[in-house]
file run-v8.cif (mmCIF, C-alpha atoms and all ligand atoms)
data_target
#
loop_
_atom_site.label_atom_id
_atom_site.label_comp_id
_atom_site.auth_asym_id
_atom_site.auth_seq_id
_atom_site.Cartn_x
_atom_site.Cartn_y
_atom_site.Cartn_z
CA MET X 13 16.72 21.40 0.70
CA THR X 14 15.81 18.80 -1.90
CA GLN X 15 12.63 19.24 -3.88
CA PRO X 16 9.72 17.30 -2.35
CA VAL X 17 8.43 14.35 -4.37
CA PHE X 18 4.79 13.26 -4.06
CA ARG X 19 3.18 10.26 -5.68
CA PHE X 20 -0.31 8.98 -6.32
CA ALA X 21 -0.18 5.20 -6.68
CA PRO X 22 -3.51 3.65 -7.64
CA SER X 23 -4.07 0.00 -8.51
CA PRO X 24 -6.02 -0.32 -11.75
CA ASN X 25 -8.18 -3.22 -10.62
CA GLY X 26 -11.42 -1.26 -10.81
CA ARG X 27 -12.64 2.16 -11.88
CA LEU X 28 -11.34 5.19 -9.99
CA HIS X 29 -13.90 6.59 -7.58
CA LEU X 30 -14.29 9.73 -5.52
CA GLY X 31 -11.97 8.34 -2.85
CA HIS X 32 -9.18 8.06 -5.41
CA ALA X 33 -9.91 11.58 -6.62
CA TYR X 34 -9.56 12.80 -3.05
CA SER X 35 -6.17 11.15 -2.69
CA ALA X 36 -4.93 12.37 -6.07
CA LEU X 37 -6.12 15.91 -5.43
CA GLU X 38 -4.55 15.97 -1.96
CA ASN X 39 -1.22 14.92 -3.48
CA ALA X 40 -1.57 17.60 -6.16
CA ARG X 41 -2.47 20.30 -3.64
CA LEU X 42 0.42 19.49 -1.33
CA ALA X 43 2.89 19.21 -4.20
CA ALA X 44 1.79 22.61 -5.49
CA ASP X 45 1.99 24.16 -2.01
CA THR X 46 5.53 22.91 -1.47
CA GLY X 47 6.90 23.34 -5.01
CA GLY X 48 7.17 19.56 -5.18
CA ARG X 49 7.11 17.07 -8.04
CA LEU X 50 3.97 15.02 -8.63
CA ILE X 51 4.38 11.48 -9.88
CA LEU X 52 1.79 8.93 -10.94
CA ARG X 53 2.68 5.29 -10.32
CA ILE X 54 0.53 2.50 -11.67
CA GLU X 55 0.48 -0.32 -9.11
CA ASP X 56 -0.41 -3.17 -11.41
CA ILE X 57 1.49 -6.07 -9.85
CA ASP X 58 -1.65 -8.18 -9.79
CA THR X 59 -1.61 -9.02 -13.46
CA THR X 60 -4.90 -10.92 -13.33
CA ARG X 61 -6.94 -8.17 -11.66
CA CYS X 62 -5.26 -5.14 -13.26
CA ARG X 63 -6.47 -4.90 -16.84
CA GLU X 64 -5.22 -2.71 -19.70
CA ASP X 65 -8.67 -1.23 -20.27
CA LEU X 66 -8.76 -0.22 -16.60
CA VAL X 67 -5.33 1.42 -16.89
CA ALA X 68 -6.54 3.38 -19.92
CA ALA X 69 -9.77 4.35 -18.12
CA MET X 70 -7.78 5.44 -15.08
CA LEU X 71 -5.50 7.66 -17.16
CA ASP X 72 -8.55 9.10 -18.87
CA ASP X 73 -10.25 9.89 -15.53
CA LEU X 74 -7.10 11.58 -14.22
CA ALA X 75 -6.66 13.59 -17.40
CA TRP X 76 -10.31 14.67 -17.14
CA LEU X 77 -9.72 15.81 -13.56
CA GLY X 78 -6.80 17.88 -14.84
CA ILE X 79 -4.18 16.76 -12.34
CA PRO X 80 -0.71 17.75 -13.55
CA PHE X 81 1.21 14.50 -13.12
CA GLU X 82 4.63 14.23 -14.67
CA PRO X 83 4.51 12.27 -17.94
CA ALA X 84 5.54 8.61 -18.29
CA PRO X 85 4.17 7.03 -15.11
CA MET X 86 6.07 4.09 -13.68
CA ARG X 87 4.31 0.76 -14.08
CA GLN X 88 5.07 -1.78 -11.42
CA SER X 89 4.38 -4.68 -13.76
CA THR X 90 7.59 -3.74 -15.62
CA ARG X 91 9.68 -3.97 -12.47
CA PHE X 92 9.38 -7.54 -11.29
CA PRO X 93 13.15 -8.16 -11.63
CA VAL X 94 13.82 -5.19 -9.35
CA TYR X 95 11.49 -6.55 -6.68
CA ALA X 96 12.99 -10.02 -7.09
CA ALA X 97 16.43 -8.54 -6.46
CA ALA X 98 15.23 -6.80 -3.31
CA ALA X 99 13.63 -10.03 -2.08
CA GLY X 100 16.89 -11.81 -2.89
CA ARG X 101 18.79 -9.44 -0.62
CA LEU X 102 16.43 -10.22 2.24
CA ARG X 103 16.57 -13.93 1.51
CA ALA X 104 20.37 -13.92 1.47
CA ARG X 105 20.29 -12.55 5.02
CA GLY X 106 17.91 -15.27 6.17
CA LEU X 107 15.07 -12.80 6.63
CA LEU X 108 12.57 -14.55 4.34
CA TYR X 109 11.44 -18.16 4.40
CA PRO X 110 9.35 -20.13 1.91
CA CYS X 111 5.82 -21.08 2.86
CA GLY X 112 3.67 -23.44 0.84
CA CYS X 113 0.67 -23.35 3.19
CA THR X 114 -2.71 -22.93 1.56
CA ARG X 115 -5.31 -20.57 3.01
CA ARG X 116 -7.19 -23.62 4.22
CA GLU X 117 -4.15 -25.01 6.01
CA ILE X 118 -3.49 -21.68 7.68
CA ALA X 119 -7.12 -21.38 8.77
CA ASP X 120 -7.02 -24.92 10.18
CA ALA X 121 -3.76 -24.28 12.05
CA VAL X 122 -5.20 -21.08 13.50
CA ALA X 123 -8.40 -22.84 14.55
CA ALA X 124 -6.41 -25.67 16.16
CA ARG X 125 -4.35 -23.20 18.09
CA GLU X 126 -7.42 -21.31 19.24
CA GLU X 127 -8.91 -24.53 20.45
CA GLU X 128 -5.72 -25.47 22.24
CA THR X 129 -5.26 -22.14 23.99
CA GLY X 130 -8.93 -21.27 24.40
CA ALA X 131 -8.09 -17.75 23.26
CA PRO X 132 -8.62 -15.97 19.97
CA ALA X 133 -5.56 -16.02 17.71
CA PRO X 134 -3.68 -12.73 17.41
CA ARG X 135 -4.72 -10.74 14.38
CA ASP X 136 -2.99 -8.24 12.13
CA PRO X 137 -4.30 -4.67 11.82
CA ASP X 138 -6.50 -5.72 8.88
CA GLY X 139 -8.16 -8.33 11.07
CA ALA X 140 -6.56 -11.43 9.54
CA PRO X 141 -5.07 -13.98 11.94
CA LEU X 142 -1.29 -13.78 12.13
CA TYR X 143 0.47 -16.60 10.31
CA PRO X 144 0.77 -19.39 12.88
CA GLY X 145 4.33 -20.20 11.85
CA THR X 146 3.89 -23.66 10.37
CA CYS X 147 6.77 -23.27 7.89
CA ARG X 148 8.94 -21.07 10.10
CA GLY X 149 12.03 -22.92 11.22
CA ARG X 150 11.56 -25.73 8.71
CA ASP X 151 14.39 -26.44 6.27
CA PRO X 152 13.70 -24.14 3.28
CA ALA X 153 15.17 -26.69 0.90
CA ALA X 154 12.72 -29.32 2.14
CA ILE X 155 9.80 -26.93 1.66
CA LEU X 156 10.93 -26.09 -1.87
CA ALA X 157 11.48 -29.78 -2.65
CA GLU X 158 7.78 -30.40 -2.04
CA GLY X 159 7.20 -28.69 -5.38
CA ARG X 160 4.29 -26.59 -4.16
CA LEU X 161 3.97 -22.98 -5.10
CA VAL X 162 5.50 -20.97 -2.25
CA ALA X 163 5.14 -17.50 -0.86
CA TRP X 164 8.12 -15.92 0.91
CA ARG X 165 7.36 -14.64 4.38
CA LEU X 166 9.26 -12.21 6.54
CA ALA X 167 10.83 -13.95 9.51
CA MET X 168 9.66 -11.16 11.78
CA ASP X 169 11.82 -12.07 14.77
CA ALA X 170 14.94 -12.26 12.62
CA ALA X 171 14.01 -9.03 10.86
CA LEU X 172 13.60 -7.21 14.16
CA ALA X 173 16.93 -8.59 15.32
CA ALA X 174 18.55 -7.31 12.10
CA ALA X 175 16.85 -3.91 12.41
CA PRO X 176 16.13 -3.40 16.08
CA GLY X 177 13.50 -0.91 17.15
CA PRO X 178 12.14 1.33 18.38
CA HIS X 179 10.74 2.01 14.91
CA ALA X 180 9.14 5.27 13.99
CA TYR X 181 8.25 7.56 11.14
CA ALA X 182 7.09 11.15 10.91
CA ARG X 183 3.65 12.39 10.01
CA PHE X 184 3.35 15.74 8.30
CA ASP X 185 0.43 18.11 8.48
CA ASP X 186 -0.32 21.23 6.47
CA ASP X 187 1.91 23.29 8.70
CA GLY X 188 4.15 22.78 11.65
CA ALA X 189 6.96 20.39 12.33
CA PRO X 190 6.62 16.70 11.43
CA VAL X 191 5.06 14.67 14.26
CA PRO X 192 6.84 11.46 15.29
CA VAL X 193 4.71 8.31 15.13
CA ALA X 194 5.78 5.05 16.79
CA ALA X 195 5.69 2.03 14.47
CA ASP X 196 5.16 -1.55 15.60
CA PRO X 197 6.02 -3.84 12.66
CA ALA X 198 5.58 -6.97 14.80
CA ARG X 199 1.82 -6.60 14.64
CA TRP X 200 1.99 -7.87 11.05
CA GLY X 201 3.69 -11.10 12.10
CA ASP X 202 5.44 -13.09 9.37
CA ALA X 203 3.87 -11.08 6.54
CA VAL X 204 3.98 -12.29 2.94
CA ILE X 205 6.70 -10.33 1.15
CA VAL X 206 6.66 -12.31 -2.11
CA ARG X 207 3.31 -13.74 -3.14
CA LYS X 208 2.81 -17.16 -4.62
CA GLU X 209 1.77 -16.11 -8.11
CA ILE X 210 3.54 -12.75 -8.26
CA PRO X 211 7.24 -12.09 -7.64
CA THR X 212 6.49 -9.38 -5.07
CA SER X 213 3.80 -8.14 -2.70
CA TYR X 214 2.27 -4.70 -2.36
CA HIS X 215 4.48 -4.06 0.71
CA LEU X 216 7.76 -4.87 -1.03
CA ALA X 217 6.93 -3.09 -4.29
CA VAL X 218 5.71 0.09 -2.63
CA VAL X 219 8.79 0.38 -0.45
CA VAL X 220 11.22 -0.37 -3.29
CA ASP X 221 9.54 2.11 -5.63
CA ASP X 222 9.13 4.92 -3.13
CA GLY X 223 12.86 4.53 -2.60
CA ALA X 224 13.71 4.27 -6.32
CA GLN X 225 11.64 7.33 -7.17
CA GLY X 226 12.99 9.42 -4.31
CA VAL X 227 9.52 9.93 -2.86
CA THR X 228 9.76 12.27 0.13
CA HIS X 229 6.04 12.62 1.00
CA VAL X 230 3.55 9.76 0.97
CA VAL X 231 -0.07 10.91 1.00
CA ARG X 232 -2.60 8.08 1.03
CA GLY X 233 -5.74 6.86 2.76
CA LYS X 234 -6.04 5.85 6.39
CA ASP X 235 -6.70 2.29 5.26
CA LEU X 236 -2.94 2.03 4.66
CA GLU X 237 -1.81 3.73 7.86
CA ALA X 238 -1.12 0.50 9.76
CA ALA X 239 0.84 -0.91 6.81
CA THR X 240 3.33 1.92 7.30
CA ASP X 241 4.64 0.11 10.39
CA LEU X 242 5.76 -2.76 8.18
CA HIS X 243 7.02 -0.42 5.46
CA VAL X 244 9.30 1.33 7.93
CA LEU X 245 10.91 -1.99 8.85
CA LEU X 246 11.37 -2.98 5.19
CA GLN X 247 12.97 0.40 4.50
CA ARG X 248 15.47 -0.23 7.29
CA LEU X 249 16.23 -3.74 6.02
CA LEU X 250 16.72 -2.50 2.45
CA ASP X 251 18.68 0.64 3.38
CA LEU X 252 16.00 2.92 2.00
CA PRO X 253 15.04 6.28 3.48
CA THR X 254 11.68 6.62 5.21
CA PRO X 255 9.54 9.35 3.62
CA LEU X 256 7.18 11.59 5.57
CA TYR X 257 3.64 10.22 5.73
CA ARG X 258 0.15 11.58 5.82
CA HIS X 259 -2.90 9.32 5.91
CA HIS X 260 -6.09 11.09 4.99
CA GLY X 261 -9.64 10.12 5.92
CA LEU X 262 -11.57 7.87 3.58
CA VAL X 263 -14.37 9.38 1.60
CA ARG X 264 -16.62 6.46 2.43
CA ASP X 265 -16.05 6.83 6.16
CA ASP X 266 -15.96 10.55 6.42
CA ALA X 267 -18.71 11.51 4.02
CA GLY X 268 -21.12 13.94 5.55
CA GLU X 269 -24.84 13.50 5.24
CA LYS X 270 -25.11 15.43 2.01
CA LEU X 271 -22.33 13.51 0.36
CA ALA X 272 -24.13 10.20 0.50
CA LYS X 273 -21.93 7.34 1.61
CA SER X 274 -22.39 5.48 -1.62
CA LEU X 275 -20.86 8.39 -3.52
CA GLY X 276 -17.45 7.49 -2.17
CA SER X 277 -17.33 4.36 -4.24
CA THR X 278 -19.21 5.68 -7.26
CA PRO X 279 -16.90 5.54 -10.27
CA LEU X 280 -15.81 8.95 -11.48
CA ALA X 281 -16.95 7.82 -14.91
CA ASP X 282 -20.52 7.52 -13.62
CA LEU X 283 -20.34 10.97 -12.04
CA ARG X 284 -19.05 12.31 -15.35
CA ALA X 285 -21.88 10.62 -17.19
CA ALA X 286 -24.32 12.17 -14.74
CA GLY X 287 -23.00 15.61 -15.65
CA TRP X 288 -20.44 16.27 -12.93
CA THR X 289 -17.57 18.55 -13.91
CA PRO X 290 -14.03 18.31 -12.52
CA ASP X 291 -14.91 21.34 -10.39
CA ASP X 292 -17.85 19.44 -8.92
CA VAL X 293 -15.48 16.65 -7.96
CA ARG X 294 -13.06 19.15 -6.40
CA ALA X 295 -15.90 20.75 -4.45
CA ALA X 296 -17.16 17.38 -3.21
CA VAL X 297 -13.67 16.37 -2.16
CA ARG X 298 -13.13 19.70 -0.40
CA ALA X 299 -16.39 19.23 1.48
CA VAL X 300 -15.20 15.84 2.64
CA ALA X 301 -11.79 17.20 3.61
CA THR X 302 -13.19 20.05 5.68
CA GLY X 303 -16.15 18.11 6.99
CA ALA X 304 -18.44 20.75 5.48
CA PRO X 305 -22.00 19.61 4.79
N1 LIG X 401 -1.85 0.91 -4.74
C1 LIG X 401 -2.42 1.12 -3.45
C2 LIG X 401 -3.92 1.21 -3.56
O1 LIG X 401 -4.43 1.51 -4.62
C3 LIG X 401 -1.95 2.38 -2.77
C4 LIG X 401 -0.51 2.35 -2.48
C5 LIG X 401 0.01 3.48 -1.63
O2 LIG X 401 -0.42 4.62 -1.76
O3 LIG X 401 0.90 3.20 -0.84
O4 LIG X 401 -4.60 0.98 -2.58
#
call {"tool": "encode", "arguments": {"input": "run-v8.cif", "output": "structure tokens", "more": "lines below"}}
Ligand code: GLU
result
Amino acid sequence: MTQPVFRFAPSPNGRLHLGHAYSALENARLAADTGGRLILRIEDIDTTRCREDLVAAMLDDLAWLGIPFEPAPMRQSTRFPVYAAAAGRLRARGLLYPCGCTRREIADAVAAREEETGAPAPRDPDGAPLYPGTCRGRDPAAILAEGRLVAWRLAMDAALAAAPGPHAYARFDDDGAPVPVAADPARWGDAVIVRKEIPTSYHLAVVVDDGAQGVTHVVRGKDLEAATDLHVLLQRLLDLPTPLYRHHGLVRDDAGEKLAKSLGSTPLADLRAAGWTPDDVRAAVRAVATGAP
């Protein structure tokens, strides 16, 4: 059997908080339990929001917590050509199309459709209306010739024809056999795969890098559980293996009465300044994990 590979993949666009610590510590615990590797990946594709001082602060917080990540974390901001190549493969198969719509135009098109049908527009799992398809089926060259900045969207119907379902992945728990989970990528509609200002999206970069790093076990918060449905489809389209997944509760949601809700988003740095030790953080996280008061 190959050695398991776990990764913690924070975005340095703010200070790490207790929720991040929970995720990092869960990855560390499971890697230790299974004799697995533990990788840190810095998801800094958003070069305006991810700042160097926040990267340094994040590394400092993780070092303080004492989590034994392998040295030399991957930085996604160094890998734009790799993501561009992956997008190029999808584009060459006609699975992406350019879209110059602004947020305003999308909102207007959605509102017009709602008015026309008298029904609320379908929404993605994050609650955003699905892209109404304005640019789908238009001549890509004509869209590009308009000279607007474009995003590249997944042509969901074409993608599902290229990689027919049923789609699924496996969830792993502390013990027992992996549990199959059905995935429904279509609920994301024509998702943005390459953003306007950045030559990738979170979805594309995470799938490409989990594949490139041989990640076998993805442990992350429940807020990303629904995104896995789309990730599974992208893995199929890019010939990448699908890791096992585990989506843990969010500290903010699950915090018991004693662990005040606000603590979940309190920066670790503030807890440190208030005298918390790494063991205090571990104890707080354990309390959340077990639901103990
Ligand atoms: N970078 C993402 C975040 O900080 C997490 C990515 C993942 O674990 O898949 O929310």
call {"tool": "residues_near_ligand", "arguments": {"input": "run-v8.cif", "ligand": "ligand LIG 401 (chain X)", "cutoff": "9 Å", "atoms": "only C-alpha atoms and all ligand atoms", "output": "PDB file with C-alpha atoms, keeping the file's coordinate frame"}}
result
ATOM      1  CA  ARG X  19       3.180  10.260  -5.680  1.00  0.00           C
ATOM      2  CA  PHE X  20      -0.310   8.980  -6.320  1.00  0.00           C
ATOM      3  CA  ALA X  21      -0.180   5.200  -6.680  1.00  0.00           C
ATOM      4  CA  PRO X  22      -3.510   3.650  -7.640  1.00  0.00           C
ATOM      5  CA  SER X  23      -4.070   0.000  -8.510  1.00  0.00           C
ATOM      6  CA  PRO X  24      -6.020  -0.320 -11.750  1.00  0.00           C
ATOM      7  CA  ASN X  25      -8.180  -3.220 -10.620  1.00  0.00           C
ATOM      8  CA  HIS X  32      -9.180   8.060  -5.410  1.00  0.00           C
ATOM      9  CA  SER X  35      -6.170  11.150  -2.690  1.00  0.00           C
ATOM     10  CA  ARG X  53       2.680   5.290 -10.320  1.00  0.00           C
ATOM     11  CA  ILE X  54       0.530   2.500 -11.670  1.00  0.00           C
ATOM     12  CA  GLU X  55       0.480  -0.320  -9.110  1.00  0.00           C
ATOM     13  CA  ASP X  56      -0.410  -3.170 -11.410  1.00  0.00           C
ATOM     14  CA  TYR X 214       2.270  -4.700  -2.360  1.00  0.00           C
ATOM     15  CA  HIS X 215       4.480  -4.060   0.710  1.00  0.00           C
ATOM     16  CA  VAL X 218       5.710   0.090  -2.630  1.00  0.00           C
ATOM     17  CA  VAL X 219       8.790   0.380  -0.450  1.00  0.00           C
ATOM     18  CA  ASP X 222       9.130   4.920  -3.130  1.00  0.00           C
ATOM     19  CA  VAL X 230       3.550   9.760   0.970  1.00  0.00           C
ATOM     20  CA  VAL X 231      -0.070  10.910   1.000  1.00  0.00           C
ATOM     21  CA  ARG X 232      -2.600   8.080   1.030  1.00  0.00           C
ATOM     22  CA  GLY X 233      -5.740   6.860   2.760  1.00  0.00           C
ATOM     23  CA  ASP X 235      -6.700   2.290   5.260  1.00  0.00           C
ATOM     24  CA  LEU X 236      -2.940   2.030   4.660  1.00  0.00           C
ATOM     25  CA  ALA X 239       0.840  -0.910   6.810  1.00  0.00           C
ATOM     26  CA  THR X 240       3.330   1.920   7.300  1.00  0.00           C
TER      27      THR X 240
END
call {"tool": "closest_residue", "arguments": {"input": "run-v8.cif", "among": "X:Ala36, X:Ile51, X:Ala217, X:Ala153", "to": "Pro85 in chain X", "atoms": "only C-alpha atoms"}}
result
X:Ile51
call {"tool": "atom_distance", "arguments": {"input": "run-v8.cif", "atom1": "CA of Gly226 in chain X", "atom2": "CA of Val17 in chain X"}}
result
6.7 Å
call {"tool": "residues_around", "arguments": {"input": "run-v8.cif", "residues": "Ala119 in chain X", "least_positions_apart": "2", "cutoff": "12 Å", "atoms": "all atoms listed in the file", "output": "list in words"}}
result
Cys113, Thr114, Arg115, Arg116, Glu117, Ala121, Val122, Ala123, Ala124, Arg125, Glu126, Ala133, Ala140, Pro141, Leu142, Tyr143, Pro144, Gly145 and Thr146 of chain X
call {"tool": "residues_around", "arguments": {"input": "run-v8.cif", "residues": "Leu108 in chain X", "least_positions_apart": "2", "cutoff": "7 Å", "atoms": "all atoms listed in the file", "output": "PyMOL selection string"}}
result
chain X and resi 102-103+106+110+164-167
call {"tool": "atom_distance", "arguments": {"input": "run-v8.cif", "atom1": "CA of Pro192 in chain X", "atom2": "CA of Leu42 in chain X"}}
result
19.5 Å
call {"tool": "atom_distance", "arguments": {"input": "run-v8.cif", "atom1": "CA of Leu252 in chain X", "atom2": "CA of Ala224 in chain X"}}
result
8.7 Å
call {"tool": "closest_residue", "arguments": {"input": "run-v8.cif", "among": "X:Val263, X:Val162, X:Cys62, X:Ile57", "to": "Lys234 in chain X", "atoms": "all atoms listed in the file"}}
result
X:Val263
call {"tool": "closest_residue", "arguments": {"input": "run-v8.cif", "among": "X:Leu283, X:Arg258, X:Ala154, X:Ala299", "to": "Leu30 in chain X", "atoms": "only C-alpha atoms"}}
result
X:Leu283
call {"tool": "residues_near_point", "arguments": {"input": "run-v8.cif", "point": "(16.6, -7.0, -1.9)", "cutoff": "10 Å", "atoms": "only C-alpha atoms", "output": "list in words"}}
result
Val94, Tyr95, Ala96, Ala97, Ala98, Ala99, Gly100, Arg101, Leu102, Arg103, Ala104, Arg105, Leu216, Val220, Leu246, Leu249, Leu250 and Asp251 of chain X
call {"tool": "closest_residue", "arguments": {"input": "run-v8.cif", "among": "X:Pro253, X:Pro211, X:Gly31, X:Gly261", "to": "Thr90 in chain X", "atoms": "all atoms listed in the file"}}
result
X:Pro211
call {"tool": "closest_residue", "arguments": {"input": "run-v8.cif", "among": "X:Ala173, X:Thr129, X:Cys111, X:Glu237", "to": "Asp202 in chain X", "atoms": "only C-alpha atoms"}}
result
X:Cys111
call {"tool": "closest_atom_pairs", "arguments": {"input": "run-v8.cif", "of": "range 217-300 of chain X", "to": "range 70-84 of chain X", "cutoff": "9 Å", "atoms": "only C-alpha atoms", "output": "JSON lines"}}
result
{"residue": "X:Leu280", "atom": "CA", "partner": "X:Asp73", "partner_atom": "CA", "distance": 6.9}
{"residue": "X:Ala281", "atom": "CA", "partner": "X:Asp73", "partner_atom": "CA", "distance": 7.0}
{"residue": "X:Thr289", "atom": "CA", "partner": "X:Leu77", "partner_atom": "CA", "distance": 8.3}
{"residue": "X:Pro290", "atom": "CA", "partner": "X:Leu77", "partner_atom": "CA", "distance": 5.1}
{"residue": "X:Asp291", "atom": "CA", "partner": "X:Leu77", "partner_atom": "CA", "distance": 8.2}
{"residue": "X:Val293", "atom": "CA", "partner": "X:Leu77", "partner_atom": "CA", "distance": 8.1}
{"residue": "X:Arg294", "atom": "CA", "partner": "X:Leu77", "partner_atom": "CA", "distance": 8.6}
call {"tool": "closest_residue", "arguments": {"input": "run-v8.cif", "among": "X:Gln225, X:Ile205, X:Gly26, X:Gly47", "to": "Arg63 in chain X", "atoms": "all atoms listed in the file"}}
result
X:Gly26
call {"tool": "axis_aligned_box", "arguments": {"input": "run-v8.cif", "around": "range 237-243 of chain X", "padding_each_side": "4 Å", "output": "JSON"}}
result
{"center_x": 2.6, "center_y": 0.5, "center_z": 7.9, "size_x": 16.8, "size_y": 14.5, "size_z": 12.9}
